[in-house]
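A.B. asks: Sending over coords_31.csv (CSV, C-alpha atoms).
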chain,number,residue,atom,x,y,z
A,1,MET,CA,-14.5,-15.1,-32.2
A,2,THR,CA,-15.8,-14.4,-28.7
A,3,HIS,CA,-14.4,-15.8,-25.5
A,4,PRO,CA,-15.5,-15.4,-21.9
A,5,PHE,CA,-12.0,-14.3,-20.9
A,6,LEU,CA,-11.6,-11.6,-23.6
A,7,ASP,CA,-13.1,-8.2,-24.4
A,8,LEU,CA,-14.1,-7.6,-20.7
A,9,ALA,CA,-15.6,-4.3,-19.7
A,10,PRO,CA,-13.3,-2.4,-17.4
A,11,LEU,CA,-13.7,-3.1,-13.7
A,12,SER,CA,-15.1,0.0,-12.0
A,13,ALA,CA,-13.8,1.5,-8.8
A,14,ALA,CA,-17.1,0.7,-7.1
A,15,HIS,CA,-16.9,-2.9,-8.2
A,16,PHE,CA,-13.3,-3.2,-7.0
A,17,ALA,CA,-14.3,-1.6,-3.6
A,18,SER,CA,-17.2,-4.1,-3.2
A,19,ILE,CA,-14.8,-7.0,-3.7
A,20,GLU,CA,-12.5,-5.5,-1.0
A,21,ASP,CA,-15.5,-5.2,1.3
A,22,ARG,CA,-16.3,-8.9,0.8
A,23,VAL,CA,-12.7,-9.9,1.6
A,24,ALA,CA,-12.9,-7.7,4.7
A,25,ARG,CA,-16.0,-9.6,5.8
A,26,LEU,CA,-14.3,-12.9,5.2
A,27,LEU,CA,-11.5,-11.7,7.5
A,28,GLY,CA,-14.1,-10.5,10.1
A,29,THR,CA,-12.2,-7.1,10.2
A,30,GLU,CA,-13.1,-3.4,10.0
A,31,GLN,CA,-9.4,-2.6,9.4
A,32,ASP,CA,-8.5,-1.3,5.9
A,33,VAL,CA,-8.1,-4.1,3.4
A,34,VAL,CA,-6.1,-3.5,0.2
A,35,ILE,CA,-6.3,-5.9,-2.7
A,36,MET,CA,-2.9,-6.1,-4.3
A,37,GLN,CA,-2.6,-6.9,-8.0
A,38,GLY,CA,-0.2,-9.8,-7.8
A,39,GLU,CA,0.5,-13.1,-6.1
A,40,ALA,CA,0.7,-12.9,-2.3
A,41,LEU,CA,4.4,-12.4,-2.3
A,42,LEU,CA,3.7,-8.8,-3.4
A,43,PRO,CA,1.9,-7.8,-0.2
A,44,LEU,CA,4.1,-10.0,1.9
A,45,GLU,CA,7.2,-8.2,0.7
A,46,GLY,CA,5.5,-4.8,0.4
A,47,ALA,CA,4.3,-5.0,4.0
A,48,ILE,CA,7.7,-5.8,5.4
A,49,ARG,CA,9.5,-3.2,3.3
A,50,SER,CA,6.9,-0.6,4.3
A,51,THR,CA,7.0,-1.3,8.0
A,52,ALA,CA,10.6,-2.3,8.8
A,53,GLY,CA,13.9,-0.5,8.5
A,54,PRO,CA,17.0,0.5,10.4
A,55,GLY,CA,16.0,0.7,14.1
A,56,THR,CA,13.4,-2.1,13.8
A,57,VAL,CA,14.0,-5.1,16.0
A,58,ALA,CA,12.2,-8.0,14.5
A,59,LEU,CA,11.3,-11.3,16.0
A,60,ASN,CA,11.1,-13.6,13.0
A,61,VAL,CA,9.4,-16.9,13.7
A,62,VAL,CA,10.7,-19.6,11.4
A,63,THR,CA,8.4,-22.7,11.1
A,64,GLY,CA,9.0,-23.3,7.4
A,65,PRO,CA,10.5,-21.8,4.2
A,66,TYR,CA,8.5,-18.6,4.2
A,67,GLY,CA,9.8,-17.6,7.7
A,68,GLN,CA,13.3,-17.8,6.2
A,69,THR,CA,12.3,-15.6,3.3
A,70,PHE,CA,10.8,-13.0,5.7
A,71,GLY,CA,14.0,-12.9,7.7
A,72,ASN,CA,16.0,-12.2,4.6
A,73,TRP,CA,13.7,-9.3,3.6
A,74,LEU,CA,13.8,-7.9,7.1
A,75,ARG,CA,17.6,-7.9,7.1
A,76,ASP,CA,17.6,-6.4,3.6
A,77,CYS,CA,15.6,-3.5,5.1
A,78,GLY,CA,18.2,-2.9,7.7
A,79,ALA,CA,16.3,-4.4,10.6
A,80,GLU,CA,17.9,-6.3,13.4
A,81,VAL,CA,16.4,-9.8,13.2
A,82,ILE,CA,16.1,-12.3,15.9
A,83,ASP,CA,15.2,-15.6,14.3
A,84,LEU,CA,13.1,-18.0,16.4
A,85,ALA,CA,13.3,-21.3,14.5
A,86,VAL,CA,11.5,-24.4,15.6
A,87,PRO,CA,11.6,-27.9,14.0
A,88,PHE,CA,9.4,-27.8,10.9
A,89,HIS,CA,7.3,-30.8,12.1
A,90,THR,CA,6.2,-28.8,15.1
A,91,ALA,CA,4.5,-25.4,15.8
A,92,VAL,CA,6.0,-22.5,17.8
A,93,THR,CA,4.4,-22.1,21.2
A,94,ALA,CA,3.2,-19.0,23.0
A,95,ASP,CA,5.7,-19.6,25.7
A,96,GLN,CA,8.6,-19.4,23.2
A,97,ILE,CA,7.3,-16.0,22.0
A,98,ARG,CA,7.0,-14.9,25.6
A,99,GLU,CA,10.5,-16.0,26.3
A,100,ALA,CA,11.8,-14.2,23.3
A,101,PHE,CA,10.2,-10.9,24.5
A,102,ALA,CA,11.6,-11.5,28.0
A,103,GLU,CA,15.1,-11.9,26.5
A,104,HIS,CA,14.7,-9.0,24.0
A,105,PRO,CA,12.2,-6.5,25.3
A,106,GLU,CA,13.2,-4.2,22.4
A,107,ILE,CA,11.4,-6.3,19.9
A,108,ASP,CA,8.9,-4.1,18.0
A,109,PHE,CA,8.0,-6.3,15.1
A,110,VAL,CA,6.9,-9.9,14.9
A,111,SER,CA,6.6,-11.9,11.7
A,112,LEU,CA,4.8,-15.3,11.6
A,113,VAL,CA,3.4,-17.7,9.1
A,114,HIS,CA,0.1,-19.0,10.3
A,115,ALA,CA,0.1,-22.3,8.3
A,116,GLU,CA,2.9,-23.6,6.2
A,117,ALA,CA,1.6,-25.7,3.3
A,118,ALA,CA,5.1,-26.9,2.5
A,119,THR,CA,5.6,-28.4,5.9
A,120,GLY,CA,2.0,-28.9,7.0
A,121,ASN,CA,2.1,-27.2,10.4
A,122,THR,CA,0.0,-24.4,11.9
A,123,ASN,CA,0.8,-21.9,14.6
A,124,PRO,CA,-1.4,-20.7,17.5
A,125,VAL,CA,-1.9,-17.1,16.3
A,126,ALA,CA,-4.6,-16.0,18.7
A,127,GLU,CA,-2.4,-16.8,21.8
A,128,ILE,CA,0.7,-15.2,20.2
A,129,GLY,CA,-1.3,-12.1,19.2
A,130,GLU,CA,-2.1,-11.5,22.9
A,131,ILE,CA,1.6,-11.5,23.8
A,132,VAL,CA,2.6,-9.4,20.8
A,133,ARG,CA,-0.1,-6.8,21.6
A,134,ALA,CA,0.9,-6.7,25.3
A,135,HIS,CA,4.4,-5.6,24.2
A,136,GLY,CA,3.2,-3.1,21.7
A,137,ALA,CA,4.9,-4.7,18.7
A,138,ILE,CA,3.6,-4.8,15.2
A,139,PHE,CA,2.3,-8.2,14.3
A,140,TYR,CA,2.7,-9.4,10.7
A,141,LEU,CA,1.0,-12.6,9.6
A,142,ASP,CA,1.1,-14.7,6.5
A,143,ALA,CA,-2.3,-16.3,6.4
A,144,VAL,CA,-2.1,-17.4,2.7
A,145,ALA,CA,-2.4,-21.1,3.6
A,146,SER,CA,-4.8,-20.7,6.4
A,147,ILE,CA,-7.6,-18.5,5.1
A,148,GLY,CA,-10.6,-20.7,4.3
A,149,ALA,CA,-9.1,-23.7,6.0
A,150,GLU,CA,-9.1,-22.5,9.6
A,151,PRO,CA,-10.1,-19.3,11.4
A,152,VAL,CA,-8.3,-16.1,10.4
A,153,LEU,CA,-9.4,-13.1,12.5
A,154,PRO,CA,-6.8,-10.4,12.3
A,155,GLN,CA,-8.6,-7.7,14.2
A,156,ALA,CA,-9.7,-10.0,17.0
A,157,TRP,CA,-6.2,-11.4,17.3
A,158,GLY,CA,-4.4,-8.1,17.2
A,159,VAL,CA,-2.7,-8.8,13.9
A,160,ASP,CA,-1.6,-5.5,12.3
A,161,LEU,CA,-0.7,-6.8,8.8
A,162,CYS,CA,-2.5,-9.9,7.6
A,163,VAL,CA,-1.8,-11.2,4.1
A,164,ILE,CA,-4.0,-13.6,2.3
A,165,GLY,CA,-4.0,-15.2,-1.1
A,166,ALA,CA,-6.9,-17.0,-2.7
A,167,GLN,CA,-5.2,-19.9,-4.4
A,168,LYS,CA,-5.2,-22.5,-1.6
A,169,ALA,CA,-8.2,-23.2,0.7
A,170,MET,CA,-10.3,-20.5,-1.0
A,171,GLY,CA,-9.9,-22.3,-4.3
A,172,GLY,CA,-9.5,-19.1,-6.1
A,173,PRO,CA,-6.9,-17.2,-8.3
A,174,ALA,CA,-3.2,-16.8,-7.5
A,175,GLY,CA,-2.9,-13.6,-9.4
A,176,VAL,CA,-4.4,-11.2,-6.7
A,177,SER,CA,-3.9,-11.1,-3.0
A,178,ALA,CA,-5.0,-8.9,0.0
A,179,VAL,CA,-3.6,-7.4,3.1
A,180,SER,CA,-5.5,-6.0,6.1
A,181,VAL,CA,-3.8,-3.1,7.7
A,182,SER,CA,-4.4,-1.7,11.2
A,183,ALA,CA,-4.2,1.9,12.1
A,184,ARG,CA,-1.0,1.2,14.0
A,185,ALA,CA,0.6,-0.4,11.0
A,186,TRP,CA,-0.3,2.6,8.8
A,187,ALA,CA,1.2,4.9,11.3
A,188,ARG,CA,4.4,2.9,11.4
A,189,MET,CA,4.7,2.9,7.6
A,190,THR,CA,4.0,6.6,7.4
A,191,ALA,CA,6.8,7.2,9.9
A,192,ASN,CA,9.2,5.0,8.0
A,193,PRO,CA,11.4,7.0,5.6
A,194,GLY,CA,12.4,3.8,3.8
A,195,ALA,CA,8.8,2.7,3.0
A,196,PRO,CA,8.4,2.2,-0.7
A,197,ARG,CA,6.7,5.1,-2.5
A,198,ARG,CA,5.7,5.4,-6.2
A,199,SER,CA,6.4,1.7,-6.4
A,200,TYR,CA,4.4,-1.5,-7.1
A,201,LEU,CA,5.5,-2.7,-3.6
A,202,SER,CA,4.0,0.4,-1.9
A,203,LEU,CA,1.1,0.0,0.4
A,204,LEU,CA,1.3,3.8,1.2
A,205,ASP,CA,0.5,4.5,-2.5
A,206,TRP,CA,-2.7,2.6,-2.2
A,207,LYS,CA,-3.5,4.3,1.1
A,208,ASP,CA,-3.0,7.8,-0.4
A,209,ARG,CA,-4.4,7.3,-3.8
A,210,TRP,CA,-7.2,4.8,-3.1
A,211,THR,CA,-8.2,4.2,0.6
A,212,ASP,CA,-7.9,7.7,1.9
A,213,ALA,CA,-9.2,9.2,-1.4
A,214,GLY,CA,-12.6,7.6,-0.9
A,215,ARG,CA,-12.0,4.6,-3.2
A,216,THR,CA,-13.5,6.4,-6.2
A,217,ALA,CA,-10.7,6.2,-8.7
A,218,LEU,CA,-8.3,3.2,-9.1
A,219,PRO,CA,-4.6,4.1,-9.2
A,220,HIS,CA,-4.1,1.8,-12.3
A,221,ALA,CA,-6.0,-0.7,-14.3
A,222,PRO,CA,-6.7,-3.7,-12.2
A,223,ALA,CA,-6.3,-7.3,-13.2
A,224,GLN,CA,-9.9,-7.9,-14.2
A,225,LEU,CA,-9.9,-11.7,-14.7
A,226,GLU,CA,-8.2,-12.3,-11.4
A,227,MET,CA,-10.5,-9.8,-9.6
A,228,LEU,CA,-13.6,-11.4,-11.0
A,229,ALA,CA,-12.2,-14.8,-10.1
A,230,LEU,CA,-11.6,-13.6,-6.5
A,231,GLU,CA,-15.1,-12.3,-6.3
A,232,ALA,CA,-16.5,-15.6,-7.6
A,233,CYS,CA,-14.5,-17.6,-5.1
A,234,VAL,CA,-15.6,-15.4,-2.2
A,235,GLU,CA,-19.2,-15.7,-3.4
A,236,ARG,CA,-18.8,-19.5,-3.4
A,237,ILE,CA,-17.5,-19.4,0.2
A,238,GLU,CA,-20.3,-17.2,1.3
A,239,SER,CA,-22.8,-19.6,-0.4
A,240,GLU,CA,-21.2,-22.7,1.2
A,241,GLY,CA,-20.5,-21.0,4.5
A,242,LEU,CA,-17.0,-20.3,5.9
A,243,ASP,CA,-17.6,-22.6,8.8
A,244,VAL,CA,-18.6,-25.5,6.5
A,245,LEU,CA,-15.6,-24.9,4.3
A,246,MET,CA,-13.3,-25.0,7.3
A,247,ARG,CA,-14.9,-28.2,8.6
A,248,ARG,CA,-14.3,-29.8,5.2
A,249,HIS,CA,-10.6,-29.0,5.5
A,250,ALA,CA,-10.3,-30.2,9.0
A,251,THR,CA,-12.1,-33.5,8.2
A,252,ALA,CA,-10.0,-34.1,5.1
A,253,ALA,CA,-6.8,-33.5,7.0
A,254,ALA,CA,-7.8,-35.8,9.9
A,255,ALA,CA,-8.8,-38.5,7.4
A,256,THR,CA,-5.5,-38.2,5.6
A,257,ARG,CA,-3.5,-38.6,8.8
A,258,ALA,CA,-5.6,-41.6,9.9
A,259,GLY,CA,-5.7,-43.1,6.4
A,260,ALA,CA,-2.0,-42.9,5.8
A,261,LEU,CA,-1.3,-44.8,9.0
A,262,ALA,CA,-4.0,-47.4,8.2
A,263,LEU,CA,-2.5,-48.1,4.8
A,264,GLY,CA,0.4,-49.8,6.6
A,265,GLY,CA,2.9,-49.0,3.9
A,266,GLY,CA,5.2,-46.9,6.0
A,267,LEU,CA,3.7,-43.5,5.3
A,268,GLU,CA,3.5,-41.4,8.5
A,269,PRO,CA,2.3,-37.8,9.2
A,270,TYR,CA,5.3,-35.5,9.1
A,271,VAL,CA,3.7,-33.2,11.8
A,272,HIS,CA,3.6,-35.5,14.9
A,273,ASP,CA,1.0,-33.7,16.9
A,274,ALA,CA,-2.4,-33.5,15.2
A,275,GLY,CA,-3.1,-30.2,17.0
A,276,GLU,CA,-0.2,-28.7,15.1
A,277,ALA,CA,-1.1,-30.0,11.7
A,278,ALA,CA,-2.5,-27.5,9.2
A,279,PRO,CA,-6.0,-28.3,7.7
A,280,VAL,CA,-4.9,-27.0,4.3
A,281,ALA,CA,-2.4,-29.7,3.5
A,282,THR,CA,-1.2,-32.9,5.1
A,283,THR,CA,2.5,-33.8,4.8
A,284,LEU,CA,3.6,-37.4,5.0
A,285,ARG,CA,7.0,-39.0,5.5
A,286,THR,CA,7.8,-41.8,3.1
A,287,PRO,CA,9.3,-45.1,4.3
A,288,PRO,CA,13.1,-45.5,4.2
A,289,GLY,CA,14.3,-46.1,0.7
A,290,VAL,CA,11.2,-44.7,-1.0
A,291,VAL,CA,11.8,-41.5,-3.1
A,292,ALA,CA,8.8,-39.2,-2.6
A,293,SER,CA,8.9,-37.8,-6.1
A,294,GLU,CA,9.0,-41.2,-7.7
A,295,LEU,CA,6.1,-42.4,-5.5
A,296,VAL,CA,4.0,-39.4,-6.3
A,297,ALA,CA,4.8,-39.6,-10.0
A,298,ARG,CA,3.6,-43.2,-9.9
A,299,ALA,CA,0.5,-42.4,-8.0
A,300,LEU,CA,-0.4,-39.7,-10.4
A,301,THR,CA,-0.3,-42.0,-13.4
A,302,SER,CA,-3.6,-43.4,-12.3
A,303,ASP,CA,-5.2,-39.9,-12.0
A,304,PRO,CA,-3.1,-36.8,-12.8
A,305,THR,CA,-5.7,-34.5,-11.1
A,306,LEU,CA,-5.1,-36.0,-7.6
A,307,PRO,CA,-4.0,-33.3,-5.1
A,308,LEU,CA,-0.6,-34.8,-4.5
A,309,ALA,CA,2.8,-33.2,-4.5
A,310,ALA,CA,6.3,-34.3,-3.6
A,311,GLY,CA,9.1,-32.3,-2.1
A,312,GLY,CA,7.9,-30.5,1.0
A,313,VAL,CA,10.6,-28.8,3.0
A,314,PRO,CA,12.0,-30.9,5.8
A,315,TRP,CA,13.8,-29.3,8.8
A,316,PRO,CA,17.3,-28.4,7.6
A,317,ARG,CA,20.0,-30.6,8.9
A,318,ARG,CA,22.9,-28.6,10.2
B,319,MET,CA,8.1,-35.8,1.9
B,320,ILE,CA,4.7,-36.1,0.3
B,321,ARG,CA,1.9,-33.5,0.4
B,322,VAL,CA,-1.8,-34.2,0.1
B,323,ASN,CA,-3.3,-30.8,-0.6
B,324,HIS,CA,-6.8,-30.1,0.7
B,325,TYR,CA,-7.3,-26.9,-1.4
B,326,GLY,CA,-10.9,-25.8,-1.7
B,327,MET,CA,-12.9,-28.3,-3.6
B,328,ASP,CA,-10.2,-31.0,-3.0
B,329,ALA,CA,-11.0,-30.9,0.7
B,330,THR,CA,-13.3,-33.9,0.5
B,331,ILE,CA,-13.2,-37.4,1.8
B,332,GLY,CA,-13.4,-38.7,-1.8
B,333,ALA,CA,-10.3,-36.8,-2.8
B,334,VAL,CA,-8.5,-38.1,0.3
B,335,GLN,CA,-9.6,-41.7,-0.4
B,336,ASN,CA,-8.5,-41.5,-4.0
B,337,SER,CA,-5.2,-40.0,-3.1
B,338,LEU,CA,-4.4,-42.6,-0.4
B,339,ALA,CA,-5.5,-45.4,-2.7
B,340,ALA,CA,-3.2,-44.2,-5.4
B,341,LEU,CA,-0.3,-43.8,-3.0
B,342,GLY,CA,-1.0,-47.3,-1.6
B,343,ALA,CA,-1.0,-48.8,-5.1
B,344,ALA,CA,2.3,-47.0,-5.9
B,345,LEU,CA,3.8,-48.2,-2.7
B,346,THR,CA,2.8,-51.8,-3.4
B,347,GLU,CA,4.3,-51.6,-6.8
B,348,GLN,CA,7.6,-50.2,-5.5
B,349,GLY,CA,7.6,-52.8,-2.7
B,350,CYS,CA,7.4,-55.6,-5.3
B,351,ARG,CA,10.4,-54.1,-7.1
B,352,TRP,CA,12.5,-54.0,-3.9
B,353,ILE,CA,11.8,-57.6,-3.3
B,354,TRP,CA,12.9,-58.4,-6.8
B,355,ARG,CA,16.0,-56.4,-6.3
B,356,ALA,CA,16.8,-58.3,-3.2
B,357,ARG,CA,15.9,-61.8,-4.5
B,358,GLY,CA,16.4,-61.3,-8.2
B,359,PRO,CA,13.5,-61.2,-10.7
B,360,PRO,CA,11.0,-64.1,-10.7
The structure in this file should be written as structure tokens.

C.D. replies:
Amino acid sequence: MTHPFLDLAPLSAAHFASIEDRVARLLGTEQDVVIMQGEALLPLEGAIRSTAGPGTVALNVVTGPYGQTFGNWLRDCGAEVIDLAVPFHTAVTADQIREAFAEHPEIDFVSLVHAEAATGNTNPVAEIGEIVRAHGAIFYLDAVASIGAEPVLPQAWGVDLCVIGAQKAMGGPAGVSAVSVSARAWARMTANPGAPRRSYLSLLDWKDRWTDAGRTALPHAPAQLEMLALEACVERIESEGLDVLMRRHATAAAATRAGALALGGGLEPYVHDAGEAAPVATTLRTPPGVVASELVARALTSDPTLPLAAGGVPWPRR
Amino acid sequence: MIRVNHYGMDATIGAVQNSLAALGAALTEQGCRWIWRARGPP
């Protein structure tokens, strides 16, 4: 029996490198891009553990559940963490970042989620990047839910570590991910005695054995299916046009907000300000007395393929 | 909270319309049940 998923020829180093180059073009960056062989949590955790350690003073912006996770990893590395939490139905502002630096000029690492699919908000990365760069801190960005849906320009915005995954707006596989790494970030990792080495979490292993070695021999067998799926999805984006793809997301999000209100059934956009709403997913509050999971389950009985989910993450009540 | 995902090929007006129509129908159905609970079944 033959099957398109089986008996694949090995993915060559040249092929792997060409996929990396296409991802770099998608990000509009000349920084190194490393494709990691796992879901985006792999480079998200790997980048923090490679860069942060005792002596790091991190400003961790919390606009949803991932910000909370990053804070935990940073503390686990021994970093001093200053959490800047904002209500999940809003975005952080550049002024709040500026104030945090004024209060804690020793901050040398900033972690931020660009867009949070779970809460439906998006943050002004370009403005924040200017402030972070002016203070010389390393800027770490989770762009998993924004890439493909809105502009993601790590080099232009001064982002040192930008992690993406293909499974959301790119419509691709979840089993591989990528991180762009600035020269400053590589230098910080190299100087960090606690940075993972000889580990699946290690970015420095990829630097030493792949990027700096001329990308001629892969450190280990890559995930072929996922790599081919990533290549196919980047190819599809190139064919459609990234701008067209982003416009589709913005239009769909705006239509969902307007349509939910027009329904008149009590559904309301969770993110109040449309300018702070992520184009990748629109979160809606249900009317009092309506259980979101029951409503979604009922809606999905008519068509289980509808892109609906229940159980976003509301702002925690204290 | 409910999430309408606009992932890749789902980022279309058609997907939005179908999602909202299904949510509207589900709300209507649940609304009827509340009225029954309040007034007793017909």

A.B. asks: Could you tell me which residues of chain B sit within 6 Å of chain A when counting only C-alpha atoms, and give me the result as a list of chain:residue names?

C.D. replies: B:Met319, B:Ile320, B:Arg321, B:Val322, B:Asn323, B:His324, B:Tyr325, B:Gly326, B:Ala329, B:Thr330, B:Ile331, B:Ala340, B:Leu341, B:Ala344

A.B. asks: Could you check which residues have any atom within 8 Å of (0.7, -9.2, 11.2), counting only C-alpha atoms with coordinates taken straight from the file, and then list them as a ChimeraX atom specification?

C.D. replies: /A:110-112,138-142,154,158-163

A.B. asks: So how many Å separate atom CA of A:His104 and atom CA of A:Ala58, to one decimal?

C.D. replies: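 One can read the atom CA of A:His104 to atom CA of A:Ala58 distance as 9.9 Å.
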
A.B. asks: May I have the residues within 10 Å of stretch 40-43 of chain A as a list of chain:residue names, using all atoms listed in the file and disregarding those fewer than 5 positions away in the same chain?

C.D. replies: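 Near stretch 40-43 of chain A, the qualifying residues are A:Val34, A:Ile35, A:Ile48, A:Arg49, A:Ser50, A:Tyr66, A:Asp142, A:Ala143, A:Val144, A:Leu161, A:Cys162, A:Val163, A:Ile164, A:Gly165, A:Ala166, A:Gln167, A:Ala174, A:Gly175, A:Val176, A:Ser177, A:Ala178, A:Val179, A:Ser180, A:Tyr200, A:Leu201, A:Ser202, A:Leu203.
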
A.B. asks: When distances are computed from all atoms listed in the file, which of A:Val33, A:Leu59, A:Ala187, A:Ala213 shows the smallest separation from A:Leu74?

C.D. replies: A:Leu59

A.B. asks: Please fill the gaps in stretch 129-137 of chain A so it has all heavy atoms, and write that as a compact mmCIF listing (two decimals), in the coordinates of the input.

C.D. replies:
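The resulting out10.txt:
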# COMPACT_ATOMS: atom_id res chain seq x y z
N GLY A 129 -0.84 -13.52 19.41
CA GLY A 129 -1.30 -12.10 19.20
C GLY A 129 -1.45 -11.41 20.55
O GLY A 129 -1.10 -10.22 20.65
N GLU A 130 -1.94 -12.10 21.54
CA GLU A 130 -2.10 -11.50 22.90
C GLU A 130 -0.77 -10.99 23.41
O GLU A 130 -0.65 -9.90 23.98
CB GLU A 130 -2.71 -12.48 23.86
CG GLU A 130 -4.22 -12.59 23.79
CD GLU A 130 -4.74 -13.53 24.86
OE1 GLU A 130 -4.17 -13.57 25.96
OE2 GLU A 130 -5.71 -14.26 24.55
N ILE A 131 0.25 -11.83 23.24
CA ILE A 131 1.60 -11.50 23.80
C ILE A 131 2.19 -10.34 22.99
O ILE A 131 2.74 -9.39 23.56
CB ILE A 131 2.49 -12.74 23.70
CG1 ILE A 131 1.90 -13.88 24.52
CG2 ILE A 131 3.90 -12.41 24.16
CD1 ILE A 131 2.45 -15.24 24.17
N VAL A 132 2.06 -10.40 21.68
CA VAL A 132 2.60 -9.40 20.80
C VAL A 132 1.99 -8.01 21.16
O VAL A 132 2.66 -6.99 21.30
CB VAL A 132 2.46 -9.70 19.34
CG1 VAL A 132 2.98 -8.57 18.46
CG2 VAL A 132 3.18 -11.01 19.00
N ARG A 133 0.66 -8.03 21.29
CA ARG A 133 -0.10 -6.80 21.60
C ARG A 133 0.35 -6.23 22.94
O ARG A 133 0.53 -5.02 23.11
CB ARG A 133 -1.57 -7.05 21.49
CG ARG A 133 -2.46 -5.86 21.85
CD ARG A 133 -2.08 -4.58 21.13
NE ARG A 133 -2.19 -4.67 19.69
CZ ARG A 133 -3.21 -4.22 18.98
NH1 ARG A 133 -4.23 -3.67 19.58
NH2 ARG A 133 -3.21 -4.32 17.67
N ALA A 134 0.53 -7.14 23.92
CA ALA A 134 0.90 -6.70 25.30
C ALA A 134 2.24 -5.95 25.26
O ALA A 134 2.49 -5.10 26.11
CB ALA A 134 0.96 -7.88 26.21
N HIS A 135 3.09 -6.29 24.29
CA HIS A 135 4.40 -5.60 24.20
C HIS A 135 4.41 -4.48 23.21
O HIS A 135 5.45 -3.86 22.98
CB HIS A 135 5.49 -6.66 23.83
CG HIS A 135 5.83 -7.60 24.96
ND1 HIS A 135 5.08 -8.72 25.26
CD2 HIS A 135 6.80 -7.54 25.89
CE1 HIS A 135 5.60 -9.32 26.30
NE2 HIS A 135 6.64 -8.63 26.72
N GLY A 136 3.29 -4.24 22.59
CA GLY A 136 3.20 -3.10 21.70
C GLY A 136 3.88 -3.23 20.36
O GLY A 136 4.09 -2.25 19.66
N ALA A 137 4.24 -4.46 20.01
CA ALA A 137 4.90 -4.70 18.70
C ALA A 137 3.92 -4.78 17.59
O ALA A 137 2.75 -5.06 17.80
CB ALA A 137 5.79 -5.93 18.80
